[in-house]
file query-v6.cif (mmCIF, C-alpha atoms)
data_my_file
#
loop_
_atom_site.group_PDB
_atom_site.id
_atom_site.type_symbol
_atom_site.label_atom_id
_atom_site.label_comp_id
_atom_site.auth_asym_id
_atom_site.auth_seq_id
_atom_site.Cartn_x
_atom_site.Cartn_y
_atom_site.Cartn_z
ATOM 1 C CA MET A 1169 -13.412 -23.960 -6.090
ATOM 2 C CA ASN A 1170 -11.861 -26.061 -3.353
ATOM 3 C CA HIS A 1171 -8.559 -25.923 -5.166
ATOM 4 C CA PHE A 1172 -8.757 -22.131 -5.421
ATOM 5 C CA PHE A 1173 -9.664 -21.457 -1.816
ATOM 6 C CA THR A 1174 -6.295 -22.296 -0.315
ATOM 7 C CA VAL A 1175 -3.615 -19.929 0.981
ATOM 8 C CA GLU A 1176 -1.626 -20.264 -2.232
ATOM 9 C CA GLY A 1177 -4.665 -19.815 -4.448
ATOM 10 C CA ILE A 1178 -5.748 -16.613 -2.739
ATOM 11 C CA LEU A 1179 -2.213 -15.273 -2.744
ATOM 12 C CA TYR A 1180 -1.725 -16.041 -6.442
ATOM 13 C CA PHE A 1181 -5.011 -14.237 -7.098
ATOM 14 C CA GLY A 1182 -3.796 -11.241 -5.069
ATOM 15 C CA ALA A 1183 -0.364 -11.157 -6.709
ATOM 16 C CA ILE A 1184 -1.672 -11.381 -10.267
ATOM 17 C CA SER A 1185 -4.386 -8.804 -9.524
ATOM 18 C CA LEU A 1186 -1.774 -6.437 -8.078
ATOM 19 C CA SER A 1187 0.362 -6.828 -11.213
ATOM 20 C CA ILE A 1188 -2.657 -6.227 -13.440
ATOM 21 C CA ILE A 1189 -3.627 -3.093 -11.495
ATOM 22 C CA GLY A 1190 -0.059 -1.808 -11.838
ATOM 23 C CA LEU A 1191 0.022 -2.535 -15.574
ATOM 24 C CA PHE A 1192 -3.368 -0.847 -16.017
ATOM 25 C CA GLY A 1193 -2.058 2.227 -14.230
ATOM 26 C CA LEU A 1194 1.086 2.256 -16.378
ATOM 27 C CA LEU A 1195 -1.040 2.141 -19.512
ATOM 28 C CA VAL A 1196 -3.790 4.639 -18.717
ATOM 29 C CA SER A 1197 -2.462 7.223 -16.236
ATOM 30 C CA LYS A 1198 -1.751 10.668 -17.664
ATOM 31 C CA ASN A 1199 0.146 12.144 -14.727
ATOM 32 C CA LEU A 1200 3.838 11.283 -14.568
ATOM 33 C CA PHE A 1201 3.841 10.860 -10.785
ATOM 34 C CA ARG A 1202 0.925 8.436 -10.916
ATOM 35 C CA LEU A 1203 2.871 6.511 -13.559
ATOM 36 C CA LEU A 1204 5.681 6.128 -11.000
ATOM 37 C CA LEU A 1205 3.207 4.924 -8.351
ATOM 38 C CA SER A 1206 1.859 2.340 -10.812
ATOM 39 C CA LEU A 1207 5.427 1.139 -11.368
ATOM 40 C CA VAL A 1208 5.747 0.643 -7.589
ATOM 41 C CA LEU A 1209 2.574 -1.477 -7.574
ATOM 42 C CA PHE A 1210 3.776 -3.579 -10.519
ATOM 43 C CA GLU A 1211 7.074 -4.272 -8.744
ATOM 44 C CA ALA A 1212 5.268 -5.325 -5.589
ATOM 45 C CA GLY A 1213 3.100 -7.786 -7.521
ATOM 46 C CA ALA A 1214 6.131 -9.282 -9.290
ATOM 47 C CA ASN A 1215 7.959 -9.719 -5.967
ATOM 48 C CA LEU A 1216 4.954 -11.482 -4.462
ATOM 49 C CA VAL A 1217 4.734 -13.903 -7.407
ATOM 50 C CA LEU A 1218 8.440 -14.724 -7.032
ATOM 51 C CA VAL A 1219 8.214 -15.437 -3.296
ATOM 52 C CA LEU A 1220 5.083 -17.545 -3.870
ATOM 53 C CA SER A 1221 6.940 -19.688 -6.399
ATOM 54 C CA GLY A 1222 9.193 -20.984 -3.621
ATOM 55 C CA PHE A 1223 6.411 -21.635 -1.122
ATOM 56 C CA ILE A 1224 5.829 -25.164 0.140
ATOM 57 C CA ARG A 1225 2.794 -25.926 2.257
ATOM 58 C CA ASN A 1226 3.747 -26.859 5.851
ATOM 59 C CA GLY A 1227 7.322 -25.862 5.132
ATOM 60 C CA ILE A 1228 9.400 -24.016 7.701
ATOM 61 C CA ALA A 1229 11.336 -20.784 7.332
ATOM 62 C CA PRO A 1230 14.704 -21.429 5.648
ATOM 63 C CA ILE A 1231 16.852 -21.036 8.762
ATOM 64 C CA PHE A 1232 19.164 -23.808 9.949
ATOM 65 C CA LEU A 1233 18.661 -24.236 13.679
ATOM 66 C CA ASP A 1234 19.835 -27.767 14.481
ATOM 67 C CA GLY A 1235 21.427 -29.096 11.329
ATOM 68 C CA ASN A 1236 19.135 -31.862 10.045
ATOM 69 C CA SER A 1237 15.754 -31.699 11.688
ATOM 70 C CA GLY A 1238 14.115 -33.417 8.720
ATOM 71 C CA ALA A 1239 11.536 -30.690 8.162
ATOM 72 C CA VAL A 1240 10.873 -29.385 4.657
ATOM 73 C CA MET A 1241 12.059 -25.820 4.064
ATOM 74 C CA ASN A 1242 10.720 -23.164 1.748
ATOM 75 C CA ASP A 1243 13.008 -22.451 -1.176
ATOM 76 C CA PRO A 1244 15.483 -19.786 -0.004
ATOM 77 C CA VAL A 1245 16.713 -18.810 -3.481
ATOM 78 C CA PRO A 1246 13.640 -16.773 -4.597
ATOM 79 C CA GLN A 1247 13.608 -15.126 -1.175
ATOM 80 C CA ALA A 1248 17.208 -13.988 -1.553
ATOM 81 C CA LEU A 1249 16.512 -12.735 -5.079
ATOM 82 C CA VAL A 1250 13.400 -10.846 -3.963
ATOM 83 C CA LEU A 1251 15.397 -9.304 -1.127
ATOM 84 C CA THR A 1252 17.736 -7.864 -3.754
ATOM 85 C CA ALA A 1253 14.855 -6.885 -6.043
ATOM 86 C CA ILE A 1254 13.177 -4.801 -3.321
ATOM 87 C CA VAL A 1255 16.320 -2.748 -2.767
ATOM 88 C CA ILE A 1256 16.921 -2.330 -6.505
ATOM 89 C CA GLY A 1257 13.274 -1.296 -6.869
ATOM 90 C CA VAL A 1258 13.789 1.612 -4.488
ATOM 91 C CA GLY A 1259 16.826 2.642 -6.532
ATOM 92 C CA VAL A 1260 14.738 2.546 -9.712
ATOM 93 C CA GLN A 1261 12.083 4.696 -8.023
ATOM 94 C CA ALA A 1262 14.652 7.299 -7.022
ATOM 95 C CA LEU A 1263 16.074 7.378 -10.574
ATOM 96 C CA ALA A 1264 12.596 7.734 -12.091
ATOM 97 C CA LEU A 1265 11.785 10.528 -9.641
ATOM 98 C CA SER A 1266 14.925 12.433 -10.631
ATOM 99 C CA LEU A 1267 13.977 12.045 -14.315
ATOM 100 C CA ILE A 1268 10.503 13.386 -13.462
ATOM 101 C CA PHE A 1269 12.148 16.418 -11.826
ATOM 102 C CA ARG A 1270 14.082 17.104 -15.016
ATOM 103 C CA VAL A 1271 10.986 16.699 -17.198
ATOM 104 C CA LYS A 1272 8.985 19.054 -14.956
ATOM 105 C CA LYS A 1273 11.804 21.595 -15.073
ATOM 106 C CA HIS A 1274 12.160 21.463 -18.858
ATOM 107 C CA TYR A 1275 8.558 21.153 -20.035
ATOM 108 C CA GLY A 1276 6.847 22.807 -17.069
ATOM 109 C CA SER A 1277 4.083 20.245 -16.912
ATOM 110 C CA MET A 1278 3.304 16.773 -15.586
ATOM 111 C CA ASP A 1279 0.624 15.876 -18.134
ATOM 112 C CA MET A 1280 1.708 13.220 -20.628
ATOM 113 C CA ARG A 1281 -0.301 14.727 -23.498
ATOM 114 C CA THR A 1282 1.183 18.205 -23.027
ATOM 115 C CA ILE A 1283 4.684 16.781 -22.745
ATOM 116 C CA ARG A 1284 4.242 14.686 -25.874
ATOM 117 C CA SER A 1285 2.987 17.572 -28.006
ATOM 118 C CA LYS A 1286 5.805 19.846 -26.817
ATOM 119 C CA LEU A 1287 8.341 17.079 -27.455
ATOM 120 C CA GLU A 1288 7.113 16.528 -31.010
ATOM 121 C CA ARG A 1289 7.200 20.259 -31.707
ATOM 122 C CA GLU A 1290 10.737 20.510 -30.317
ATOM 123 C CA ILE A 1291 12.002 17.581 -32.382
ATOM 124 C CA ALA A 1292 10.423 19.024 -35.525
ATOM 125 C CA GLU A 1293 11.976 22.448 -34.889
ATOM 126 C CA ASN A 1294 15.424 20.972 -34.343
ATOM 127 C CA ALA A 1295 15.152 18.821 -37.463
ATOM 128 C CA GLY A 1296 13.843 21.730 -39.549
ATOM 129 C CA VAL A 1297 10.638 20.026 -40.678
ATOM 130 C CA THR A 1298 7.008 20.827 -40.064
ATOM 131 C CA PRO A 1299 5.540 19.227 -36.967
ATOM 132 C CA PRO A 1300 3.479 16.064 -37.541
ATOM 133 C CA GLY A 1301 -0.262 16.425 -37.760
ATOM 134 C CA SER A 1302 -3.004 17.345 -40.159
ATOM 135 C CA ASN A 1303 -3.549 20.764 -41.688
ATOM 136 C CA GLU A 1304 -7.112 20.589 -40.500
ATOM 137 C CA ALA A 1305 -6.051 20.043 -36.873
ATOM 138 C CA PRO A 1306 -7.106 22.674 -34.322
ATOM 139 C CA ALA A 1307 -4.541 25.201 -33.162
ATOM 140 C CA PRO A 1308 -2.054 23.937 -30.542
ATOM 141 C CA VAL A 1309 -2.853 24.547 -26.918
ATOM 142 C CA LYS A 1310 -1.404 27.795 -25.606
ATOM 143 C CA LEU A 1311 0.909 27.521 -22.631
ATOM 144 C CA ILE A 1312 -0.427 28.800 -19.356
ATOM 145 C CA GLU A 1313 2.036 31.353 -18.052
ATOM 146 C CA GLY A 1314 1.713 30.482 -14.396
ATOM 147 C CA GLU A 1315 2.349 26.790 -15.019
ATOM 148 C CA ASN A 1316 5.990 27.299 -15.956
ATOM 149 C CA SER A 1317 7.229 28.097 -12.472
ATOM 150 C CA MET B 119 -4.858 -18.473 8.796
ATOM 151 C CA ILE B 120 -6.726 -18.517 5.510
ATOM 152 C CA TRP B 121 -9.124 -15.812 6.671
ATOM 153 C CA VAL B 122 -6.238 -13.592 7.717
ATOM 154 C CA VAL B 123 -4.713 -14.010 4.259
ATOM 155 C CA THR B 124 -8.041 -13.282 2.551
ATOM 156 C CA VAL B 125 -8.645 -10.087 4.533
ATOM 157 C CA VAL B 126 -5.084 -8.849 3.983
ATOM 158 C CA VAL B 127 -5.228 -9.558 0.245
ATOM 159 C CA PHE B 128 -8.467 -7.623 -0.140
ATOM 160 C CA ILE B 129 -7.136 -4.675 1.875
ATOM 161 C CA MET B 130 -4.064 -4.720 -0.373
ATOM 162 C CA LEU B 131 -6.105 -4.727 -3.587
ATOM 163 C CA ALA B 132 -8.350 -1.931 -2.294
ATOM 164 C CA ALA B 133 -5.296 0.175 -1.450
ATOM 165 C CA ALA B 134 -3.831 -0.559 -4.895
ATOM 166 C CA LEU B 135 -7.013 0.690 -6.553
ATOM 167 C CA ALA B 136 -6.952 3.732 -4.262
ATOM 168 C CA VAL B 137 -3.436 4.548 -5.514
ATOM 169 C CA LEU B 138 -4.791 4.878 -9.032
ATOM 170 C CA PHE B 139 -8.053 6.665 -8.335
ATOM 171 C CA LEU B 140 -7.500 9.038 -5.406
ATOM 172 C CA PRO B 141 -7.334 12.656 -6.627
ATOM 173 C CA ASN B 142 -4.979 13.814 -3.871
ATOM 174 C CA MET B 143 -1.341 12.805 -4.405
ATOM 175 C CA ILE B 144 -0.454 12.626 -0.686
ATOM 176 C CA ALA B 145 -3.274 10.140 -0.201
ATOM 177 C CA ALA B 146 -1.996 8.098 -3.145
ATOM 178 C CA VAL B 147 1.496 7.869 -1.607
ATOM 179 C CA VAL B 148 0.002 6.802 1.728
ATOM 180 C CA ALA B 149 -2.051 4.149 -0.072
ATOM 181 C CA SER B 150 1.102 2.778 -1.682
ATOM 182 C CA ALA B 151 2.634 2.537 1.804
ATOM 183 C CA VAL B 152 -0.458 0.571 2.890
ATOM 184 C CA VAL B 153 0.124 -1.828 -0.017
ATOM 185 C CA SER B 154 3.703 -2.349 1.197
ATOM 186 C CA LEU B 155 2.582 -3.021 4.776
ATOM 187 C CA CYS B 156 -0.006 -5.598 3.646
ATOM 188 C CA LEU B 157 2.743 -7.196 1.555
ATOM 189 C CA THR B 158 4.879 -7.396 4.715
ATOM 190 C CA VAL B 159 2.156 -9.398 6.490
ATOM 191 C CA ILE B 160 1.859 -11.709 3.478
ATOM 192 C CA PHE B 161 5.626 -12.334 3.380
ATOM 193 C CA ALA B 162 5.571 -13.176 7.098
ATOM 194 C CA VAL B 163 2.737 -15.666 6.475
ATOM 195 C CA LEU B 164 4.769 -17.176 3.605
ATOM 196 C CA LYS B 165 7.633 -18.021 6.040
ATOM 197 C CA ALA B 166 10.002 -15.446 4.553
ATOM 198 C CA PRO B 167 10.924 -13.315 7.580
ATOM 199 C CA ASP B 168 13.975 -11.713 5.962
ATOM 200 C CA VAL B 169 11.961 -10.497 2.985
ATOM 201 C CA ALA B 170 9.261 -9.226 5.364
ATOM 202 C CA MET B 171 11.782 -7.200 7.351
ATOM 203 C CA THR B 172 13.302 -5.712 4.207
ATOM 204 C CA GLU B 173 9.907 -4.853 2.754
ATOM 205 C CA ALA B 174 8.826 -3.129 5.977
ATOM 206 C CA ALA B 175 12.023 -1.108 6.276
ATOM 207 C CA ILE B 176 12.688 -0.250 2.644
ATOM 208 C CA GLY B 177 9.414 -0.739 0.767
ATOM 209 C CA ALA B 178 7.208 0.998 3.316
ATOM 210 C CA GLY B 179 9.700 3.321 5.007
ATOM 211 C CA LEU B 180 12.376 4.542 2.620
ATOM 212 C CA SER B 181 10.213 4.386 -0.501
ATOM 213 C CA SER B 182 7.432 6.465 1.077
ATOM 214 C CA LEU B 183 10.028 8.957 2.295
ATOM 215 C CA ILE B 184 11.513 9.318 -1.201
ATOM 216 C CA LEU B 185 8.068 9.715 -2.772
ATOM 217 C CA ALA B 186 7.032 12.295 -0.147
ATOM 218 C CA ILE B 187 10.164 14.361 -0.758
ATOM 219 C CA GLY B 188 9.443 14.143 -4.476
ATOM 220 C CA LEU B 189 5.875 15.329 -3.871
ATOM 221 C CA LYS B 190 7.183 18.329 -1.988
ATOM 222 C CA ARG B 191 9.584 19.265 -4.781
ATOM 223 C CA LEU B 192 6.984 18.750 -7.509
ATOM 224 C CA GLY B 193 4.491 21.040 -5.782
ATOM 225 C CA TYR B 194 1.869 18.406 -5.027
ATOM 226 C CA TRP B 195 2.135 18.878 -1.265
ATOM 227 C CA LYS B 196 -1.373 20.269 -0.896
ATOM 228 C CA THR B 197 -4.257 19.145 1.257
ATOM 229 C CA ASP B 198 -6.956 21.304 -0.324
ATOM 230 C CA SER B 199 -7.504 19.245 -3.445
ATOM 231 C CA ILE B 200 -11.155 18.486 -2.637
ATOM 232 C CA ASP B 201 -12.184 22.026 -3.526
ATOM 233 C CA LYS B 202 -10.055 21.893 -6.664
ATOM 234 C CA VAL B 203 -11.693 18.656 -7.760
ATOM 235 C CA LYS B 204 -15.050 20.382 -7.470
ATOM 236 C CA ALA B 205 -13.680 23.296 -9.487
ATOM 237 C CA GLY B 206 -12.489 20.920 -12.204
ATOM 238 C CA GLU B 207 -8.727 21.285 -11.648
ATOM 239 C CA ARG B 208 -8.053 17.624 -11.134
ATOM 240 C CA HIS B 209 -4.401 16.634 -11.003
ATOM 241 C CA ASP B 210 -4.600 13.658 -13.347
#
call {"tool": "encode", "arguments": {"input": "query-v6.cif", "output": "structure tokens"}}
result
Amino acid sequence: MNHFFTVEGILYFGAISLSIIGLFGLLVSKNLFRLLLSLVLFEAGANLVLVLSGFIRNGIAPIFLDGNSGAVMNDPVPQALVLTAIVIGVGVQALALSLIFRVKKHYGSMDMRTIRSKLEREIAENAGVTPPGSNEAPAPVKLIEGENS
Amino acid sequence: MIWVVTVVVFIMLAAALAVLFLPNMIAAVVASAVVSLCLTVIFAVLKAPDVAMTEAAIGAGLSSLILAIGLKRLGYWKTDSIDKVKAGERHD
């Protein structure tokens, strides 16, 4: 308990919990936009774990002020890498958002289940085979006309 | 110091859960910006001022802007979702 209740312990708890929440959202969310938001959370948790790996207790910020002051610095390498990872993360978000625009334009929906059933039907039509599924399955969901705008 | 870190971590986790469970998409984007701001405080506590500045400018500013523009183009820019949740038209 005493070992857990330090700054590093609490921050490791927070970082791993943030990653787990992001992974949970990636696995269970049905809306494509919420999937993107879960990806943002997962990235934030991973960045926090990386910065924590270079943290030294009572260390100073890795800035040279007077050459050799003798103080212990935090590791600057994970900080530089995380600095790059944040910027690349925003680029990944913008790319994912543009892909979501295309999916919304083509399938007219943001629901993963609707998109998956339409995708399977489209692939089966293009390949000239019957769509996968049982003969006993209920009839496919009719498209709502107003949703296609 | 340790109490500041504890409070910020719990605010961050609450905002992260709010991102997943809020029915309104604008509120979810704002909650993700709150996660980024709490992360900025944590990076400043961890003696990484450059990462904190980048996270505040890009993670909280530019990322929220991109997501808000995406919301507008996807048609989720609505503030009346409470009535729709009652009517059963939940977005997720």
call {"tool": "closest_residue", "arguments": {"input": "query-v6.cif", "among": "B:Ala149, B:Ile176, B:Val169, B:Ile120", "to": "Ile1256 (chain A)", "atoms": "only C-alpha atoms"}}
result
B:Ile176
call {"tool": "closest_residue", "arguments": {"input": "query-v6.cif", "among": "B:Leu155, B:Leu180, B:Ala175, B:Val163", "to": "Gly1259 (chain A)", "atoms": "all atoms listed in the file"}}
result
B:Leu180
call {"tool": "atom_distance", "arguments": {"input": "query-v6.cif", "atom1": "CA of Gly179 (chain B)", "atom2": "CA of Lys1272 (chain A)"}}
result
25.4 Å
call {"tool": "residues_around", "arguments": {"input": "query-v6.cif", "residues": "Ile184 (chain B)", "least_positions_apart": "6", "cutoff": "10 Å", "atoms": "all atoms listed in the file", "output": "list in words"}}
result
Val1258, Gln1261, Ala1262 and Leu1265 of chain A
call {"tool": "atom_distance", "arguments": {"input": "query-v6.cif", "atom1": "CA of Val1250 (chain A)", "atom2": "CA of Asn1215 (chain A)"}}
result
5.9 Å
call {"tool": "closest_residue", "arguments": {"input": "query-v6.cif", "among": "B:Ala186, B:Ala145, B:Val137, B:Met171", "to": "Val159 (chain B)", "atoms": "all atoms listed in the file"}}
result
B:Met171
call {"tool": "resolve_selection", "arguments": {"input": "query-v6.cif", "expression": "the PyMOL selection byres ((chain B) within 9 of (chain A))", "output": "PyMOL selection string"}}
result
chain B and resi 119-121+123-124+127-128+130-131+134-135+137-138+143+146-147+150+153-154+157+160-161+164-170+172-173+176-177+180-181+184-185+188-189+191-192+209-210
call {"tool": "atom_distance", "arguments": {"input": "query-v6.cif", "atom1": "CA of Val1217 (chain A)", "atom2": "CA of Leu140 (chain B)"}}
result
26.1 Å
call {"tool": "resolve_selection", "arguments": {"input": "query-v6.cif", "expression": "the PyMOL selection byres ((chain A and resi 1284-1291) around 12)", "output": "PyMOL selection string"}}
result
chain A and resi 1198+1200+1271+1274-1283+1292-1301+1307-1311
call {"tool": "closest_residue", "arguments": {"input": "query-v6.cif", "among": "A:Leu1191, A:Arg1270, A:Val1260, A:Val1245", "to": "Ala1214 (chain A)", "atoms": "all atoms listed in the file"}}
result
A:Leu1191
call {"tool": "decode", "arguments": {"input": "query-v6.cif", "residues": "region 1207-1220 of chain A", "atoms": "N, CA and C atoms", "output": "CSV table (one decimal), in the first residue's frame"}}
result
chain,number,residue,atom,x,y,z
A,1207,LEU,N,-9.9,5.9,-29.6
A,1207,LEU,CA,-8.5,5.9,-30.1
A,1207,LEU,C,-7.7,7.0,-29.5
A,1208,VAL,N,-8.3,8.2,-29.4
A,1208,VAL,CA,-7.7,9.3,-28.8
A,1208,VAL,C,-7.3,9.0,-27.3
A,1209,LEU,N,-8.2,8.4,-26.6
A,1209,LEU,CA,-8.0,8.1,-25.2
A,1209,LEU,C,-6.8,7.1,-25.1
A,1210,PHE,N,-6.8,6.1,-26.0
A,1210,PHE,CA,-5.8,5.1,-25.9
A,1210,PHE,C,-4.4,5.7,-26.2
A,1211,GLU,N,-4.3,6.6,-27.1
A,1211,GLU,CA,-3.1,7.3,-27.4
A,1211,GLU,C,-2.6,8.1,-26.2
A,1212,ALA,N,-3.5,8.8,-25.6
A,1212,ALA,CA,-3.1,9.6,-24.4
A,1212,ALA,C,-2.6,8.7,-23.3
A,1213,GLY,N,-3.2,7.5,-23.1
A,1213,GLY,CA,-2.7,6.6,-22.0
A,1213,GLY,C,-1.3,6.1,-22.4
A,1214,ALA,N,-1.1,5.8,-23.7
A,1214,ALA,CA,0.2,5.2,-24.1
A,1214,ALA,C,1.3,6.3,-23.9
A,1215,ASN,N,1.0,7.6,-24.3
A,1215,ASN,CA,1.9,8.7,-24.1
A,1215,ASN,C,2.3,8.9,-22.6
A,1216,LEU,N,1.3,8.7,-21.8
A,1216,LEU,CA,1.6,8.9,-20.3
A,1216,LEU,C,2.5,7.8,-19.8
A,1217,VAL,N,2.3,6.6,-20.2
A,1217,VAL,CA,3.2,5.5,-19.8
A,1217,VAL,C,4.6,5.7,-20.3
A,1218,LEU,N,4.7,6.2,-21.5
A,1218,LEU,CA,6.1,6.5,-22.0
A,1218,LEU,C,6.8,7.6,-21.2
A,1219,VAL,N,6.1,8.7,-20.9
A,1219,VAL,CA,6.8,9.7,-20.2
A,1219,VAL,C,7.1,9.3,-18.8
A,1220,LEU,N,6.2,8.4,-18.2
A,1220,LEU,CA,6.5,7.9,-16.8
A,1220,LEU,C,7.7,7.0,-16.8
